[in-house]
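Taking it in order: structure first as structure tokens, then the write-up.
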Amino acid sequence: MNGDLFADLEPGQGCEALGLDAFILRRFALPSEQLLWQDLQLVLARAPMRHMVTPGGFRMSVAMSNAGSLGWVSDKTGYRYDEIDPVSGLPWPAIPTSFMALAAQAAHHAGFKAFQPDACLINRYAPESKLSLHQDKNELDFTQPIVSVSLGLSATFLFGGALRTDKPLRTILQHGDVVVWGGASRLNYHGILPIKPGRHPLVGECRINLTFRHAGR
Ligand code: SIN
Ligand code: FE2
């Protein structure tokens, strides 16, 4: 397990600080890339990627799916978490154990003990797609952090403050990088600039992001 490499470190050590209670664990997911990739294909076979529609009626450039007892969905009625995949009419696939282990280890290294995600949002960015600055605030429990795993093409991640007008920091996220934020930063604005075209040997011509959260009660 990759976590064992860091077993002697104090929480937050070996992490790059991004803000208060916010860290980047560079390349943390790299040792498990093959397993994550295989498990991702199993999830997507049951809950294929789709382009959701915003409450304003716009098709999102990022394609999405979910694993977990709750999945994030957007449609004309708004954003919400739902137990049912509206495309299949079935519950979302369970979060694979490889995903759970990685998310829990990453949270632990960033100082968040006992992270229990019940939702894993899967984002796929084709070249030119982006995610505008937003807060993750549809979850019921803000005491648990957000763990975000980057795979495939690199992206510029914007990490702002609690206000939309706070000037965001910019950092490049590469294949295998994991960002963890919670506590004082839990509601910070964040986003992804348009992805530059390229090809990643494992993931192909896109970026995949796995975002773990505790959304329910
Ligand atoms: C998100 O905010 O949901 C995803 C961020 C990312 O793709 O890194
Ligand atoms: Fe987000």
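Every chain in the structure tokens takes a letter, A first, then B, and so on in the order presented; its residues are numbered from 1, and the ligands are numbered from 1 following the presented order.
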
>> Hey, which residues sit close to ligand 1? Say within 9 Å, counting only C-alpha atoms and all ligand atoms, and write them as JSON, numbers by chain.
In response: {"A": [62, 121, 122, 123, 124, 125, 130, 131, 132, 133, 134, 135, 136, 148, 149, 150, 155, 156, 157, 158, 173, 179, 189, 190, 191, 192, 207, 208, 209, 210, 211]}

Once you have the residues from the selection above, write them out as a PDB file, in the first residue's frame, restricted to N, CA and C atoms.
ATOM      1  N   VAL A  62     -17.649  19.199 -19.187  1.00  0.00           N
ATOM      2  CA  VAL A  62     -17.070  18.060 -18.494  1.00  0.00           C
ATOM      3  C   VAL A  62     -18.105  16.928 -18.474  1.00  0.00           C
ATOM      4  N   LEU A 121     -17.487  11.507  -7.306  1.00  0.00           N
ATOM      5  CA  LEU A 121     -17.828  12.106  -8.598  1.00  0.00           C
ATOM      6  C   LEU A 121     -16.671  11.856  -9.557  1.00  0.00           C
ATOM      7  N   ILE A 122     -16.997  11.406 -10.743  1.00  0.00           N
ATOM      8  CA  ILE A 122     -15.981  11.137 -11.763  1.00  0.00           C
ATOM      9  C   ILE A 122     -16.159  12.171 -12.869  1.00  0.00           C
ATOM     10  N   ASN A 123     -15.130  12.974 -13.071  1.00  0.00           N
ATOM     11  CA  ASN A 123     -15.175  14.011 -14.114  1.00  0.00           C
ATOM     12  C   ASN A 123     -14.230  13.631 -15.240  1.00  0.00           C
ATOM     13  N   ARG A 124     -14.667  13.786 -16.466  1.00  0.00           N
ATOM     14  CA  ARG A 124     -13.766  13.578 -17.608  1.00  0.00           C
ATOM     15  C   ARG A 124     -13.695  14.860 -18.427  1.00  0.00           C
ATOM     16  N   TYR A 125     -12.455  15.370 -18.552  1.00  0.00           N
ATOM     17  CA  TYR A 125     -12.222  16.617 -19.282  1.00  0.00           C
ATOM     18  C   TYR A 125     -11.577  16.286 -20.619  1.00  0.00           C
ATOM     19  N   LYS A 130     -13.468  22.721 -19.197  1.00  0.00           N
ATOM     20  CA  LYS A 130     -13.047  23.427 -17.979  1.00  0.00           C
ATOM     21  C   LYS A 130     -14.151  23.327 -16.934  1.00  0.00           C
ATOM     22  N   LEU A 131     -13.819  23.714 -15.712  1.00  0.00           N
ATOM     23  CA  LEU A 131     -14.820  23.786 -14.648  1.00  0.00           C
ATOM     24  C   LEU A 131     -14.670  25.160 -13.994  1.00  0.00           C
ATOM     25  N   SER A 132     -15.689  25.970 -14.123  1.00  0.00           N
ATOM     26  CA  SER A 132     -15.623  27.335 -13.587  1.00  0.00           C
ATOM     27  C   SER A 132     -15.516  27.307 -12.066  1.00  0.00           C
ATOM     28  N   LEU A 133     -15.026  28.417 -11.507  1.00  0.00           N
ATOM     29  CA  LEU A 133     -14.885  28.531 -10.048  1.00  0.00           C
ATOM     30  C   LEU A 133     -16.219  28.238  -9.365  1.00  0.00           C
ATOM     31  N   HIS A 134     -16.181  27.377  -8.382  1.00  0.00           N
ATOM     32  CA  HIS A 134     -17.404  27.015  -7.658  1.00  0.00           C
ATOM     33  C   HIS A 134     -17.018  26.534  -6.259  1.00  0.00           C
ATOM     34  N   GLN A 135     -18.016  26.427  -5.387  1.00  0.00           N
ATOM     35  CA  GLN A 135     -17.838  25.814  -4.067  1.00  0.00           C
ATOM     36  C   GLN A 135     -18.521  24.453  -4.091  1.00  0.00           C
ATOM     37  N   ASP A 136     -17.996  23.485  -3.344  1.00  0.00           N
ATOM     38  CA  ASP A 136     -18.703  22.218  -3.159  1.00  0.00           C
ATOM     39  C   ASP A 136     -19.547  22.397  -1.908  1.00  0.00           C
ATOM     40  N   SER A 148      -9.426  14.834  -3.917  1.00  0.00           N
ATOM     41  CA  SER A 148      -9.541  14.968  -5.372  1.00  0.00           C
ATOM     42  C   SER A 148      -8.310  14.366  -6.047  1.00  0.00           C
ATOM     43  N   VAL A 149      -8.536  13.357  -6.887  1.00  0.00           N
ATOM     44  CA  VAL A 149      -7.460  12.587  -7.520  1.00  0.00           C
ATOM     45  C   VAL A 149      -7.408  12.928  -9.008  1.00  0.00           C
ATOM     46  N   SER A 150      -6.238  13.310  -9.490  1.00  0.00           N
ATOM     47  CA  SER A 150      -6.077  13.675 -10.898  1.00  0.00           C
ATOM     48  C   SER A 150      -5.405  12.541 -11.663  1.00  0.00           C
ATOM     49  N   ALA A 155      -3.581  19.624 -15.656  1.00  0.00           N
ATOM     50  CA  ALA A 155      -4.549  20.723 -15.664  1.00  0.00           C
ATOM     51  C   ALA A 155      -4.067  21.816 -14.729  1.00  0.00           C
ATOM     52  N   THR A 156      -4.481  23.039 -15.002  1.00  0.00           N
ATOM     53  CA  THR A 156      -4.248  24.133 -14.055  1.00  0.00           C
ATOM     54  C   THR A 156      -5.440  24.205 -13.115  1.00  0.00           C
ATOM     55  N   PHE A 157      -5.143  23.996 -11.827  1.00  0.00           N
ATOM     56  CA  PHE A 157      -6.161  24.011 -10.770  1.00  0.00           C
ATOM     57  C   PHE A 157      -6.150  25.386 -10.121  1.00  0.00           C
ATOM     58  N   LEU A 158      -7.305  25.961  -9.964  1.00  0.00           N
ATOM     59  CA  LEU A 158      -7.451  27.247  -9.268  1.00  0.00           C
ATOM     60  C   LEU A 158      -7.984  26.956  -7.879  1.00  0.00           C
ATOM     61  N   LEU A 173      -1.851  20.381 -11.771  1.00  0.00           N
ATOM     62  CA  LEU A 173      -2.081  19.028 -11.249  1.00  0.00           C
ATOM     63  C   LEU A 173      -1.748  18.022 -12.336  1.00  0.00           C
ATOM     64  N   VAL A 179      -5.299  16.166  -4.207  1.00  0.00           N
ATOM     65  CA  VAL A 179      -5.517  17.379  -3.417  1.00  0.00           C
ATOM     66  C   VAL A 179      -6.532  17.056  -2.328  1.00  0.00           C
ATOM     67  N   TYR A 189     -13.570  28.348  -2.959  1.00  0.00           N
ATOM     68  CA  TYR A 189     -13.826  28.277  -4.402  1.00  0.00           C
ATOM     69  C   TYR A 189     -12.668  27.576  -5.100  1.00  0.00           C
ATOM     70  N   HIS A 190     -12.989  26.799  -6.127  1.00  0.00           N
ATOM     71  CA  HIS A 190     -11.952  26.112  -6.905  1.00  0.00           C
ATOM     72  C   HIS A 190     -12.473  25.867  -8.312  1.00  0.00           C
ATOM     73  N   GLY A 191     -11.550  25.585  -9.218  1.00  0.00           N
ATOM     74  CA  GLY A 191     -11.959  25.341 -10.605  1.00  0.00           C
ATOM     75  C   GLY A 191     -10.786  24.848 -11.429  1.00  0.00           C
ATOM     76  N   ILE A 192     -11.061  24.539 -12.676  1.00  0.00           N
ATOM     77  CA  ILE A 192     -10.065  23.994 -13.604  1.00  0.00           C
ATOM     78  C   ILE A 192     -10.085  24.829 -14.882  1.00  0.00           C
ATOM     79  N   ARG A 207      -8.378  14.229 -19.311  1.00  0.00           N
ATOM     80  CA  ARG A 207      -8.059  14.224 -17.875  1.00  0.00           C
ATOM     81  C   ARG A 207      -9.251  13.641 -17.143  1.00  0.00           C
ATOM     82  N   ILE A 208      -8.972  12.788 -16.166  1.00  0.00           N
ATOM     83  CA  ILE A 208     -10.030  12.249 -15.305  1.00  0.00           C
ATOM     84  C   ILE A 208      -9.771  12.747 -13.885  1.00  0.00           C
ATOM     85  N   ASN A 209     -10.818  13.159 -13.221  1.00  0.00           N
ATOM     86  CA  ASN A 209     -10.703  13.557 -11.820  1.00  0.00           C
ATOM     87  C   ASN A 209     -11.725  12.767 -11.005  1.00  0.00           C
ATOM     88  N   LEU A 210     -11.254  12.224  -9.898  1.00  0.00           N
ATOM     89  CA  LEU A 210     -12.138  11.530  -8.954  1.00  0.00           C
ATOM     90  C   LEU A 210     -12.253  12.410  -7.722  1.00  0.00           C
ATOM     91  N   THR A 211     -13.453  12.827  -7.376  1.00  0.00           N
ATOM     92  CA  THR A 211     -13.628  13.676  -6.196  1.00  0.00           C
ATOM     93  C   THR A 211     -14.460  12.937  -5.158  1.00  0.00           C
TER      94      THR A 211
END

> Near stretch 45-55 of chain A, within 7 Å and counting only C-alpha atoms, which residues show up once chain neighbours fewer than 3 positions away are dropped, as a list in words?
Replying inline: Gln41, Leu42, Phe58, Arg59, Met60, Ser61, Val62, Ala63, Met64, Ser65, Ser74, Asp75, Lys76, Thr77, Gly78, Trp92 and Pro93 of chain A

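For the choices A:Pro127, A:Gly183, A:Pro86, A:Gly57, the atom-to-atom distance to A:Thr143 is smallest for A:Gly183 when using only C-alpha atoms.
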
> Leaving out A:Arg199 and any residue of its chain fewer than 2 positions from it, which residues lie within 12 Å of it when counting only C-alpha atoms, given as a PyMOL selection string?
Replying inline: chain A and resi 126-127+151-154+175+195-197+201-207

>> So the first atom is atom CA of A:Arg26 and the second is atom CA of A:Leu102; what is the distance between them in Å, to one decimal place?
In response: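 The value is 13.2 Å.
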
>> With only C-alpha atoms as the counted atoms, please give the residues lying no more than 8 Å from A:Gly160, apart from itself and same-chain residues fewer than 5 positions off, as a VMD selection string.
In response: chain A and resid 166 to 169 188 to 190

>> Please identify the alpha helix (DSSP H) residues within stretch 16-148 of chain A (assignment by DSSP from backbone atoms) and present them as a PyMOL selection string.
In response: chain A and resi 33-46+97-109

> How would you write, as a VMD selection string, the set of residues in chain A that DSSP gives as strand (DSSP E or B)?
Replying inline: chain A and resid 16 to 19 22 to 25 50 53 59 63 to 68 71 to 75 78 to 82 84 91 119 to 125 131 to 134 146 to 152 155 to 159 169 to 173 178 to 181 190 to 192 200 204 207 to 213

Writing out the chosen residues with C-alpha atoms as a CSV table (one decimal), in the first residue's frame:
chain,number,residue,atom,x,y,z
A,16,GLU,CA,2.5,20.5,0.0
A,17,ALA,CA,0.4,23.2,1.7
A,18,LEU,CA,-2.1,24.9,-0.6
A,19,GLY,CA,-3.9,26.8,2.1
A,22,ALA,CA,-5.5,22.2,2.2
A,23,PHE,CA,-2.7,20.1,0.8
A,24,ILE,CA,-1.4,18.6,-2.4
A,25,LEU,CA,0.0,15.1,-2.2
A,50,ARG,CA,-22.7,11.7,-19.6
A,53,VAL,CA,-27.2,20.0,-18.0
A,59,ARG,CA,-24.7,21.3,-21.4
A,63,ALA,CA,-18.6,14.6,-18.8
A,64,MET,CA,-19.5,13.0,-15.4
A,65,SER,CA,-20.5,9.8,-13.6
A,66,ASN,CA,-20.5,8.7,-10.0
A,67,ALA,CA,-19.8,5.8,-7.7
A,68,GLY,CA,-21.2,5.6,-4.1
A,71,GLY,CA,-24.1,10.6,-6.8
A,72,TRP,CA,-23.9,14.3,-7.7
A,73,VAL,CA,-26.4,15.2,-10.5
A,74,SER,CA,-27.3,18.4,-12.2
A,75,ASP,CA,-30.4,19.0,-14.3
A,78,GLY,CA,-30.9,22.2,-9.9
A,79,TYR,CA,-27.9,20.4,-8.4
A,80,ARG,CA,-28.3,17.6,-5.9
A,81,TYR,CA,-27.1,14.3,-4.6
A,82,ASP,CA,-29.2,11.3,-5.7
A,84,ILE,CA,-30.3,6.7,-8.3
A,91,PRO,CA,-28.3,2.9,-7.8
A,119,ALA,CA,-19.9,9.9,-3.0
A,120,CYS,CA,-17.2,9.7,-5.7
A,121,LEU,CA,-17.8,12.1,-8.6
A,122,ILE,CA,-16.0,11.1,-11.8
A,123,ASN,CA,-15.2,14.0,-14.1
A,124,ARG,CA,-13.8,13.6,-17.6
A,125,TYR,CA,-12.2,16.6,-19.3
A,131,LEU,CA,-14.8,23.8,-14.6
A,132,SER,CA,-15.6,27.3,-13.6
A,133,LEU,CA,-14.9,28.5,-10.0
A,134,HIS,CA,-17.4,27.0,-7.7
A,146,ILE,CA,-12.7,16.7,-0.1
A,147,VAL,CA,-10.2,14.4,-1.7
A,148,SER,CA,-9.5,15.0,-5.4
A,149,VAL,CA,-7.5,12.6,-7.5
A,150,SER,CA,-6.1,13.7,-10.9
A,151,LEU,CA,-5.4,11.2,-13.7
A,152,GLY,CA,-4.3,11.7,-17.3
A,155,ALA,CA,-4.5,20.7,-15.7
A,156,THR,CA,-4.2,24.1,-14.1
A,157,PHE,CA,-6.2,24.0,-10.8
A,158,LEU,CA,-7.5,27.2,-9.3
A,159,PHE,CA,-7.8,27.3,-5.5
A,169,LEU,CA,-3.8,30.3,-6.4
A,170,ARG,CA,-2.8,28.4,-9.5
A,171,THR,CA,-1.1,25.1,-9.5
A,172,ILE,CA,-0.6,22.4,-12.2
A,173,LEU,CA,-2.1,19.0,-11.2
A,178,VAL,CA,-4.1,14.2,-5.0
A,179,VAL,CA,-5.5,17.4,-3.4
A,180,VAL,CA,-7.1,17.3,0.0
A,181,TRP,CA,-9.0,20.2,1.5
A,190,HIS,CA,-12.0,26.1,-6.9
A,191,GLY,CA,-12.0,25.3,-10.6
A,192,ILE,CA,-10.1,24.0,-13.6
A,200,HIS,CA,-1.4,10.4,-21.6
A,204,GLY,CA,-5.5,8.8,-23.3
A,207,ARG,CA,-8.1,14.2,-17.9
A,208,ILE,CA,-10.0,12.2,-15.3
A,209,ASN,CA,-10.7,13.6,-11.8
A,210,LEU,CA,-12.1,11.5,-9.0
A,211,THR,CA,-13.6,13.7,-6.2
A,212,PHE,CA,-14.5,12.0,-2.9
A,213,ARG,CA,-16.9,13.6,-0.4

> Could you pull the residues within 7 Å of A:His214, counting only C-alpha atoms, minus those fewer than 2 positions along the same chain, as an MDAnalysis selection string?
Replying inline: chainID A and resid 116:119 139 141 144 216
